[in-house]
file start.cif (mmCIF, C-alpha atoms)
data_start
#
loop_
_atom_site.label_atom_id
_atom_site.label_comp_id
_atom_site.auth_asym_id
_atom_site.auth_seq_id
_atom_site.Cartn_x
_atom_site.Cartn_y
_atom_site.Cartn_z
CA MET A 30 24.14 9.78 1.51
CA ASP A 31 20.99 11.86 1.88
CA ASP A 32 18.27 9.21 1.91
CA ARG A 33 15.79 11.72 0.46
CA ARG A 34 17.90 12.11 -2.70
CA GLN A 35 16.43 10.63 -5.86
CA LEU A 36 18.57 7.64 -6.82
CA THR A 37 19.80 7.32 -10.38
CA PRO A 38 18.59 4.44 -12.55
CA GLN A 39 22.00 2.81 -12.21
CA GLU A 40 21.92 3.08 -8.40
CA ILE A 41 18.40 1.65 -8.24
CA MET A 42 19.20 -1.37 -10.38
CA ALA A 43 22.30 -2.08 -8.28
CA LEU A 44 20.08 -2.65 -5.22
CA GLU A 45 19.35 -6.21 -4.11
CA HIS A 46 15.58 -5.53 -4.10
CA PRO A 47 14.85 -2.55 -6.38
CA TYR A 48 11.03 -2.83 -6.58
CA PHE A 49 10.07 0.00 -4.21
CA GLU A 50 12.88 2.30 -5.29
CA LEU A 51 11.73 1.86 -8.88
CA GLN A 52 8.26 2.99 -7.83
CA ALA A 53 9.73 6.01 -6.04
CA PHE A 54 11.78 6.92 -9.13
CA ILE A 55 8.81 6.60 -11.49
CA GLY A 56 6.48 8.33 -9.03
CA THR A 57 3.84 5.67 -8.53
CA THR A 58 2.49 3.17 -6.06
CA LYS A 59 -0.24 0.67 -6.75
CA HIS A 60 -2.31 -2.01 -5.12
CA MET A 61 -4.75 -4.56 -6.43
CA GLY A 62 -8.23 -3.32 -7.22
CA GLY A 63 -7.11 0.22 -8.00
CA MET A 64 -9.24 3.13 -6.84
CA THR A 65 -12.26 0.84 -6.69
CA SER A 66 -10.75 -1.17 -3.83
CA THR A 67 -9.65 2.02 -2.06
CA LYS A 68 -13.21 3.33 -2.08
CA GLU A 69 -14.53 -0.04 -0.90
CA LEU A 70 -12.06 -0.06 2.00
CA ILE A 71 -13.04 3.49 2.91
CA ALA A 72 -16.70 2.46 3.02
CA LEU A 73 -16.01 -0.64 5.13
CA CYS A 74 -14.08 1.50 7.62
CA GLY A 75 -16.76 4.19 7.73
CA ILE A 76 -14.41 7.05 6.87
CA GLY A 77 -16.13 10.38 6.38
CA GLN A 78 -16.09 14.06 7.32
CA GLY A 79 -13.80 14.62 10.32
CA THR A 80 -12.63 11.00 10.66
CA LYS A 81 -9.05 10.92 11.96
CA VAL A 82 -7.20 8.46 9.71
CA LEU A 83 -3.69 7.03 9.79
CA ASP A 84 -2.60 5.84 6.34
CA VAL A 85 0.31 3.43 6.86
CA GLY A 86 2.56 2.98 3.83
CA CYS A 87 1.07 5.94 1.98
CA GLY A 88 3.48 5.64 -0.96
CA ALA A 89 3.12 8.44 -3.51
CA GLY A 90 0.21 9.91 -1.54
CA ALA A 91 -2.89 9.35 -3.69
CA THR A 92 -5.05 7.95 -0.89
CA PRO A 93 -4.27 10.63 1.75
CA SER A 94 -5.05 13.41 -0.72
CA TYR A 95 -8.30 11.73 -1.75
CA LEU A 96 -9.39 11.28 1.88
CA VAL A 97 -8.91 14.98 2.62
CA ARG A 98 -10.06 16.45 -0.69
CA GLU A 99 -13.15 14.32 -1.28
CA LEU A 100 -14.23 13.26 2.21
CA GLY A 101 -12.95 15.92 4.58
CA ALA A 102 -11.08 13.40 6.72
CA ARG A 103 -8.21 14.41 9.00
CA VAL A 104 -5.18 12.44 7.82
CA VAL A 105 -1.77 11.47 9.08
CA ALA A 106 0.29 9.52 6.54
CA VAL A 107 3.48 7.52 7.10
CA ASP A 108 5.86 5.59 4.90
CA LEU A 109 9.16 3.84 5.52
CA SER A 110 10.73 5.57 2.50
CA PRO A 111 11.73 9.24 2.80
CA ARG A 112 11.53 9.47 -0.99
CA MET A 113 7.92 8.28 -0.95
CA ILE A 114 7.08 10.84 1.73
CA ALA A 115 8.61 13.53 -0.49
CA LEU A 116 6.43 12.36 -3.40
CA ALA A 117 3.32 12.29 -1.19
CA SER A 118 4.03 15.80 0.09
CA GLU A 119 4.41 17.06 -3.48
CA ARG A 120 1.12 15.37 -4.40
CA ALA A 121 -0.64 17.06 -1.48
CA GLU A 122 0.62 20.44 -2.67
CA ARG A 123 -0.64 19.82 -6.21
CA ASP A 124 -4.01 18.78 -4.79
CA GLY A 125 -4.27 21.90 -2.62
CA VAL A 126 -4.31 19.97 0.67
CA ALA A 127 -0.68 20.36 1.74
CA GLY A 128 -1.49 21.96 5.07
CA GLN A 129 -4.14 19.37 5.90
CA ILE A 130 -2.06 16.17 5.89
CA GLU A 131 0.64 15.37 8.43
CA PHE A 132 3.48 13.28 6.95
CA HIS A 133 6.06 11.18 8.80
CA VAL A 134 8.78 8.71 7.89
CA ALA A 135 7.92 5.72 10.06
CA ASP A 136 7.93 1.94 10.27
CA VAL A 137 4.56 0.23 10.80
CA ARG A 138 6.27 -2.11 13.27
CA GLU A 139 7.12 0.85 15.53
CA LEU A 140 4.69 3.68 14.95
CA PRO A 141 5.65 7.01 16.59
CA PHE A 142 2.22 7.72 18.08
CA GLU A 143 0.57 7.35 21.45
CA ALA A 144 -2.05 4.64 21.85
CA GLY A 145 -5.64 5.33 20.84
CA GLN A 146 -4.97 8.31 18.54
CA PHE A 147 -6.91 7.39 15.38
CA ASP A 148 -10.48 6.58 14.43
CA VAL A 149 -9.25 4.43 11.53
CA VAL A 150 -5.90 2.94 10.55
CA ILE A 151 -5.54 1.68 6.96
CA THR A 152 -2.89 -0.06 4.88
CA GLU A 153 -2.93 -0.85 1.16
CA SER A 154 -0.50 -3.55 0.00
CA VAL A 155 1.93 -3.00 2.87
CA LEU A 156 1.73 -5.89 5.33
CA THR A 157 2.03 -8.41 2.47
CA PHE A 158 5.72 -7.52 2.21
CA LEU A 159 6.50 -7.96 5.93
CA ASP A 160 7.65 -11.08 7.72
CA ASP A 161 6.58 -9.64 11.06
CA LYS A 162 2.91 -9.17 10.25
CA PRO A 163 1.73 -9.79 13.86
CA GLN A 164 3.87 -6.94 15.19
CA ALA A 165 2.71 -4.63 12.42
CA LEU A 166 -0.95 -5.37 13.07
CA ALA A 167 -0.45 -5.05 16.82
CA GLU A 168 0.93 -1.54 16.23
CA CYS A 169 -2.00 -0.61 13.97
CA ALA A 170 -4.42 -1.81 16.66
CA ARG A 171 -2.49 -0.02 19.42
CA VAL A 172 -2.78 3.42 17.82
CA ALA A 173 -6.48 2.98 16.94
CA ARG A 174 -8.91 4.35 19.49
CA PRO A 175 -11.24 1.97 21.37
CA GLY A 176 -14.13 1.37 18.99
CA GLY A 177 -11.99 2.44 16.04
CA SER A 178 -11.17 0.33 12.99
CA VAL A 179 -8.14 -1.19 11.33
CA GLY A 180 -8.58 -1.81 7.60
CA LEU A 181 -6.30 -3.66 5.20
CA ASN A 182 -6.16 -4.19 1.46
CA GLU A 183 -3.61 -6.97 1.00
CA GLU A 184 -2.62 -9.63 -1.52
CA THR A 185 -4.41 -12.91 -0.82
CA TRP A 186 -4.26 -16.43 -2.20
CA ILE A 187 -7.78 -17.23 -3.38
CA GLN A 188 -6.71 -20.83 -3.92
CA THR A 189 -3.56 -22.72 -2.99
CA PRO A 190 -0.90 -21.90 -5.58
CA THR A 191 1.46 -24.28 -7.31
CA PRO A 192 5.14 -23.85 -6.33
CA GLN A 193 5.80 -22.32 -9.76
CA ILE A 194 3.04 -19.73 -9.33
CA ALA A 195 4.09 -18.86 -5.77
CA ARG A 196 7.70 -18.37 -6.88
CA ALA A 197 6.75 -16.26 -9.91
CA VAL A 198 4.51 -13.95 -7.86
CA ALA A 199 7.18 -13.48 -5.18
CA GLU A 200 9.87 -12.71 -7.74
CA THR A 201 7.73 -10.31 -9.77
CA TRP A 202 6.94 -8.02 -6.84
CA ASP A 203 9.96 -8.78 -4.64
CA ILE A 204 7.71 -10.25 -1.96
CA ARG A 205 10.06 -11.91 0.53
CA ALA A 206 7.38 -12.87 3.05
CA PRO A 207 4.68 -15.54 2.74
CA ILE A 208 1.50 -14.41 1.00
CA LEU A 209 -1.51 -15.36 3.11
CA SER A 210 -4.94 -16.84 2.56
CA SER A 211 -8.04 -15.00 3.77
CA GLU A 212 -8.24 -17.38 6.76
CA GLN A 213 -4.70 -16.50 7.75
CA TRP A 214 -5.39 -12.76 7.49
CA TYR A 215 -8.48 -13.26 9.68
CA ASP A 216 -6.38 -15.10 12.27
CA LEU A 217 -3.90 -12.22 12.38
CA LEU A 218 -6.66 -9.67 12.97
CA ARG A 219 -8.01 -11.80 15.81
CA GLN A 220 -4.52 -12.15 17.31
CA ALA A 221 -4.26 -8.36 17.28
CA GLY A 222 -7.37 -8.23 19.48
CA LEU A 223 -9.73 -6.95 16.81
CA GLU A 224 -13.37 -8.01 16.63
CA ASP A 225 -16.47 -7.65 14.44
CA LEU A 226 -14.33 -8.72 11.50
CA GLN A 227 -15.43 -8.04 7.93
CA SER A 228 -13.81 -9.15 4.71
CA LYS A 229 -14.24 -8.98 0.97
CA VAL A 230 -11.96 -11.17 -1.12
CA SER A 231 -11.78 -10.50 -4.86
CA ALA A 232 -10.08 -11.88 -7.92
CA VAL A 233 -8.02 -9.48 -10.00
CA LYS A 234 -10.11 -7.98 -12.80
CA ALA A 235 -8.78 -5.73 -15.53
CA GLU A 236 -11.56 -3.17 -15.18
CA ARG A 237 -10.89 -2.77 -11.46
CA ASP A 238 -7.12 -2.50 -11.80
CA ALA A 239 -7.60 0.02 -14.60
CA THR A 240 -9.03 2.40 -11.99
CA GLN A 241 -5.42 2.90 -10.79
CA VAL A 242 -5.32 5.81 -13.24
CA GLN A 243 -8.01 7.60 -11.22
CA ARG A 244 -5.38 8.02 -8.49
CA TYR A 245 -3.24 10.29 -10.65
CA HIS A 246 -3.32 13.56 -12.57
CA LEU A 247 -2.37 13.80 -16.23
CA SER A 248 0.89 15.43 -15.14
CA ASP A 249 1.58 12.44 -12.89
CA MET A 250 0.93 10.03 -15.76
CA TRP A 251 3.25 11.97 -18.07
CA ARG A 252 6.02 11.96 -15.47
CA MET A 253 5.62 8.21 -14.91
CA LEU A 254 5.81 7.56 -18.65
CA THR A 255 8.85 9.74 -19.26
CA ARG A 256 10.75 8.36 -16.28
CA THR A 257 9.96 4.78 -17.28
CA VAL A 258 11.21 5.43 -20.80
CA ARG A 259 14.31 7.12 -19.40
CA MET A 260 14.99 4.13 -17.18
CA TYR A 261 14.44 1.69 -20.03
CA LEU A 262 16.79 3.55 -22.38
CA SER A 263 19.53 4.18 -19.84
CA SER A 264 19.70 0.90 -17.94
CA ALA A 265 20.35 -2.54 -19.41
CA ALA A 266 19.69 -3.96 -15.94
CA PHE A 267 16.20 -2.44 -15.97
CA ARG A 268 15.51 -3.87 -19.42
CA GLN A 269 16.51 -7.30 -18.15
CA TYR A 270 14.39 -6.77 -15.01
CA MET A 271 11.32 -6.03 -17.16
CA ARG A 272 11.96 -8.96 -19.51
CA GLU A 273 12.03 -11.33 -16.53
CA ARG A 274 8.71 -9.99 -15.29
CA GLY A 275 7.26 -10.38 -18.76
CA ARG A 276 7.40 -14.11 -18.13
CA PHE A 277 4.75 -13.81 -15.40
CA PRO A 278 2.45 -16.86 -15.72
CA LYS A 279 -0.83 -16.01 -17.45
CA ASP A 280 -2.82 -18.17 -15.04
CA ALA A 281 -1.33 -16.61 -11.87
CA PHE A 282 -4.45 -14.56 -11.15
CA GLN A 283 -6.48 -17.75 -10.89
CA TYR A 284 -4.63 -18.13 -7.59
CA LEU A 285 -3.76 -14.60 -6.49
CA GLY A 286 -6.31 -11.95 -5.58
CA TYR A 287 -6.69 -9.40 -2.82
CA GLY A 288 -8.69 -9.05 0.33
CA LEU A 289 -10.21 -6.15 2.19
CA TYR A 290 -10.11 -6.94 5.91
CA VAL A 291 -11.54 -4.71 8.64
CA GLY A 292 -11.67 -5.23 12.38
CA ARG A 293 -12.84 -3.07 15.26
CA LYS A 294 -10.79 -2.38 18.37
CA PRO A 295 -12.87 -3.31 21.44
CA GLN A 296 -14.21 -0.53 23.60
CA ALA A 297 -12.21 0.01 26.79
CA ALA A 298 -13.52 -2.02 29.72
#

call {"tool": "encode", "arguments": {"input": "start.cif", "output": "structure tokens"}}
result
Amino acid sequence: MDDRRQLTPQEIMALEHPYFELQAFIGTTKHMGGMTSTKELIALCGIGQGTKVLDVGCGAGATPSYLVRELGARVVAVDLSPRMIALASERAERDGVAGQIEFHVADVRELPFEAGQFDVVITESVLTFLDDKPQALAECARVARPGGSVGLNEETWIQTPTPQIARAVAETWDIRAPILSSEQWYDLLRQAGLEDLQSKVSAVKAERDATQVQRYHLSDMWRMLTRTVRMYLSSAAFRQYMRERGRFPKDAFQYLGYGLYVGRKPQAA
């Protein structure tokens, strides 16, 4: 099967873990804090005109297009999903920056780049889903230049969850790896050899998450809506999937937030 082909609703819901394929079908990716947290991460990493950025796990491509269009950054974007890369490439064309972003299908645990290639490496809600976070961060640090930055926006426990809350969060977003505390994220950045660490941990707030819509055009929003409705009408499995996630505990966001974490790669000796 051509792994770039758009799966049907029935094929998606037959998968063991359909979360990311559902996003690819609908045409969206999201992370906590919306566009507000993206802009905060950009500021912490010092991204500006001419900054060479690697966006790892670029999803549907909103952040790469923003970095080029609004800031004049030089961007390479990778994602594990060929279908997400196709969406991101289409987004770049609609934004008029198609020739200014280099796209690759790649795994963060084995990035296809020489060491020291990028001024900044960023991820947004990517490492949360990986068991092998140390290897992923080591790769991000490897491809950053000496003196460059690695910046993360990742799900974070802001207080120790109850077993019920931890299970509900994992099941809602198909997170098969442990979610970390801010201290654990800090430890991982240190283990990757990064220094001058900065962090900003936030609770989930409706007004911040609402800025997700700033990542999309009206045409994107219409496509997301129509594809979601199509999925809902055509797939009983999807309707059941959504009903189960409707039971998400109302107090979960007392425990779950997100953290922006930035570390600098030491200058070469």

call {"tool": "resolve_selection", "arguments": {"input": "start.cif", "expression": "the PyMOL selection byres ((chain A and resi 187) around 8)", "output": "PyMOL selection string"}}
result
chain A and resi 185-186+188-189+210-211+230-232+283-287

call {"tool": "write_last_selection", "arguments": {"input": "start.cif", "atoms": "C-alpha atoms", "output": "tab-separated table (two decimals), in the frame of the given file"}}
result
chain	number	residue	atom	x	y	z
A	185	THR	CA	-4.41	-12.91	-0.82
A	186	TRP	CA	-4.26	-16.43	-2.20
A	188	GLN	CA	-6.71	-20.83	-3.92
A	189	THR	CA	-3.56	-22.72	-2.99
A	210	SER	CA	-4.94	-16.84	2.56
A	211	SER	CA	-8.04	-15.00	3.77
A	230	VAL	CA	-11.96	-11.17	-1.12
A	231	SER	CA	-11.78	-10.50	-4.86
A	232	ALA	CA	-10.08	-11.88	-7.92
A	283	GLN	CA	-6.48	-17.75	-10.89
A	284	TYR	CA	-4.63	-18.13	-7.59
A	285	LEU	CA	-3.76	-14.60	-6.49
A	286	GLY	CA	-6.31	-11.95	-5.58
A	287	TYR	CA	-6.69	-9.40	-2.82

call {"tool": "resolve_selection", "arguments": {"input": "start.cif", "expression": "the PyMOL selection byres ((chain A and resi 162) around 12)", "output": "list in words"}}
result
Val137, Arg138, Val155, Leu156, Thr157, Phe158, Leu159, Asp160, Asp161, Pro163, Gln164, Ala165, Leu166, Ala167, Glu168, Cys169, Leu181, Glu183, Ala206, Pro207, Ile208, Leu209, Gln213, Trp214, Asp216, Leu217, Leu218, Gln220 and Ala221 of chain A

call {"tool": "resolve_selection", "arguments": {"input": "start.cif", "expression": "the PyMOL selection byres ((chain A and resi 141) around 12)", "output": "PDB file with C-alpha atoms, in the frame of the given file"}}
result
ATOM      1  CA  LEU A  83      -3.690   7.030   9.790  1.00  0.00           C
ATOM      2  CA  VAL A  85       0.310   3.430   6.860  1.00  0.00           C
ATOM      3  CA  VAL A 105      -1.770  11.470   9.080  1.00  0.00           C
ATOM      4  CA  ALA A 106       0.290   9.520   6.540  1.00  0.00           C
ATOM      5  CA  VAL A 107       3.480   7.520   7.100  1.00  0.00           C
ATOM      6  CA  ASP A 108       5.860   5.590   4.900  1.00  0.00           C
ATOM      7  CA  PHE A 132       3.480  13.280   6.950  1.00  0.00           C
ATOM      8  CA  HIS A 133       6.060  11.180   8.800  1.00  0.00           C
ATOM      9  CA  VAL A 134       8.780   8.710   7.890  1.00  0.00           C
ATOM     10  CA  ALA A 135       7.920   5.720  10.060  1.00  0.00           C
ATOM     11  CA  ASP A 136       7.930   1.940  10.270  1.00  0.00           C
ATOM     12  CA  VAL A 137       4.560   0.230  10.800  1.00  0.00           C
ATOM     13  CA  ARG A 138       6.270  -2.110  13.270  1.00  0.00           C
ATOM     14  CA  GLU A 139       7.120   0.850  15.530  1.00  0.00           C
ATOM     15  CA  LEU A 140       4.690   3.680  14.950  1.00  0.00           C
ATOM     16  CA  PHE A 142       2.220   7.720  18.080  1.00  0.00           C
ATOM     17  CA  GLU A 143       0.570   7.350  21.450  1.00  0.00           C
ATOM     18  CA  ALA A 144      -2.050   4.640  21.850  1.00  0.00           C
ATOM     19  CA  GLN A 146      -4.970   8.310  18.540  1.00  0.00           C
ATOM     20  CA  GLU A 168       0.930  -1.540  16.230  1.00  0.00           C
ATOM     21  CA  CYS A 169      -2.000  -0.610  13.970  1.00  0.00           C
ATOM     22  CA  ARG A 171      -2.490  -0.020  19.420  1.00  0.00           C
ATOM     23  CA  VAL A 172      -2.780   3.420  17.820  1.00  0.00           C
TER      24      VAL A 172
END

call {"tool": "atom_distance", "arguments": {"input": "start.cif", "atom1": "atom CA of Gly101 of chain A", "atom2": "atom CA of Leu289 of chain A"}}
result
22.4 Å

call {"tool": "atom_distance", "arguments": {"input": "start.cif", "atom1": "atom CA of Gly88 of chain A", "atom2": "atom CA of Met253 of chain A"}}
result
14.3 Å

call {"tool": "atom_distance", "arguments": {"input": "start.cif", "atom1": "atom CA of Ala173 of chain A", "atom2": "atom CA of Gly128 of chain A"}}
result
22.9 Å

call {"tool": "closest_residue", "arguments": {"input": "start.cif", "among": "A:Glu200, A:Glu119, A:Glu50, A:Asp84", "to": "Gly180 of chain A", "atoms": "only C-alpha atoms"}}
result
A:Asp84

call {"tool": "closest_residue", "arguments": {"input": "start.cif", "among": "A:Pro111, A:Gly79, A:Val104, A:Leu70", "to": "Lys229 of chain A", "atoms": "all atoms listed in the file"}}
result
A:Leu70

call {"tool": "closest_residue", "arguments": {"input": "start.cif", "among": "A:Pro295, A:Pro190, A:Pro278, A:Pro93", "to": "Pro175 of chain A", "atoms": "only C-alpha atoms"}}
result
A:Pro295

call {"tool": "residues_near_point", "arguments": {"input": "start.cif", "point": "(-16.1, 4.1, -5.4)", "cutoff": "12 Å", "atoms": "all atoms listed in the file", "output": "PyMOL selection string"}}
result
chain A and resi 62-73+95+99+237+240+243-244

call {"tool": "write_last_selection", "arguments": {"input": "start.cif", "atoms": "C-alpha atoms", "output": "JSON list (two decimals), in the coordinates of the input"}}
result
[["chain", "number", "residue", "atom", "x", "y", "z"],
["A", 62, "GLY", "CA", -8.23, -3.32, -7.22],
["A", 63, "GLY", "CA", -7.11, 0.22, -8.00],
["A", 64, "MET", "CA", -9.24, 3.13, -6.84],
["A", 65, "THR", "CA", -12.26, 0.84, -6.69],
["A", 66, "SER", "CA", -10.75, -1.17, -3.83],
["A", 67, "THR", "CA", -9.65, 2.02, -2.06],
["A", 68, "LYS", "CA", -13.21, 3.33, -2.08],
["A", 69, "GLU", "CA", -14.53, -0.04, -0.90],
["A", 70, "LEU", "CA", -12.06, -0.06, 2.00],
["A", 71, "ILE", "CA", -13.04, 3.49, 2.91],
["A", 72, "ALA", "CA", -16.70, 2.46, 3.02],
["A", 73, "LEU", "CA", -16.01, -0.64, 5.13],
["A", 95, "TYR", "CA", -8.30, 11.73, -1.75],
["A", 99, "GLU", "CA", -13.15, 14.32, -1.28],
["A", 237, "ARG", "CA", -10.89, -2.77, -11.46],
["A", 240, "THR", "CA", -9.03, 2.40, -11.99],
["A", 243, "GLN", "CA", -8.01, 7.60, -11.22],
["A", 244, "ARG", "CA", -5.38, 8.02, -8.49]]

call {"tool": "closest_residue", "arguments": {"input": "start.cif", "among": "A:Asp148, A:Glu273, A:Asp280, A:Glu40", "to": "Val179 of chain A", "atoms": "only C-alpha atoms"}}
result
A:Asp148

call {"tool": "residues_around", "arguments": {"input": "start.cif", "residues": "segment 255-271 of chain A", "least_positions_apart": "2", "cutoff": "10 Å", "atoms": "all atoms listed in the file", "output": "list in words"}}
result
Thr37, Pro38, Gln39, Ile41, Met42, Ala43, Pro47, Tyr48, Leu51, Gln52, Phe54, Ile55, Gly56, Thr201, Met250, Trp251, Arg252, Met253, Glu273, Arg274, Gly275 and Arg276 of chain A

call {"tool": "closest_residue", "arguments": {"input": "start.cif", "among": "A:Gln193, A:Thr92, A:Gln227, A:Ser118", "to": "Thr152 of chain A", "atoms": "all atoms listed in the file"}}
result
A:Thr92

call {"tool": "closest_residue", "arguments": {"input": "start.cif", "among": "A:Leu100, A:Ala195, A:Val126, A:Gly90", "to": "Ile114 of chain A", "atoms": "all atoms listed in the file"}}
result
A:Gly90
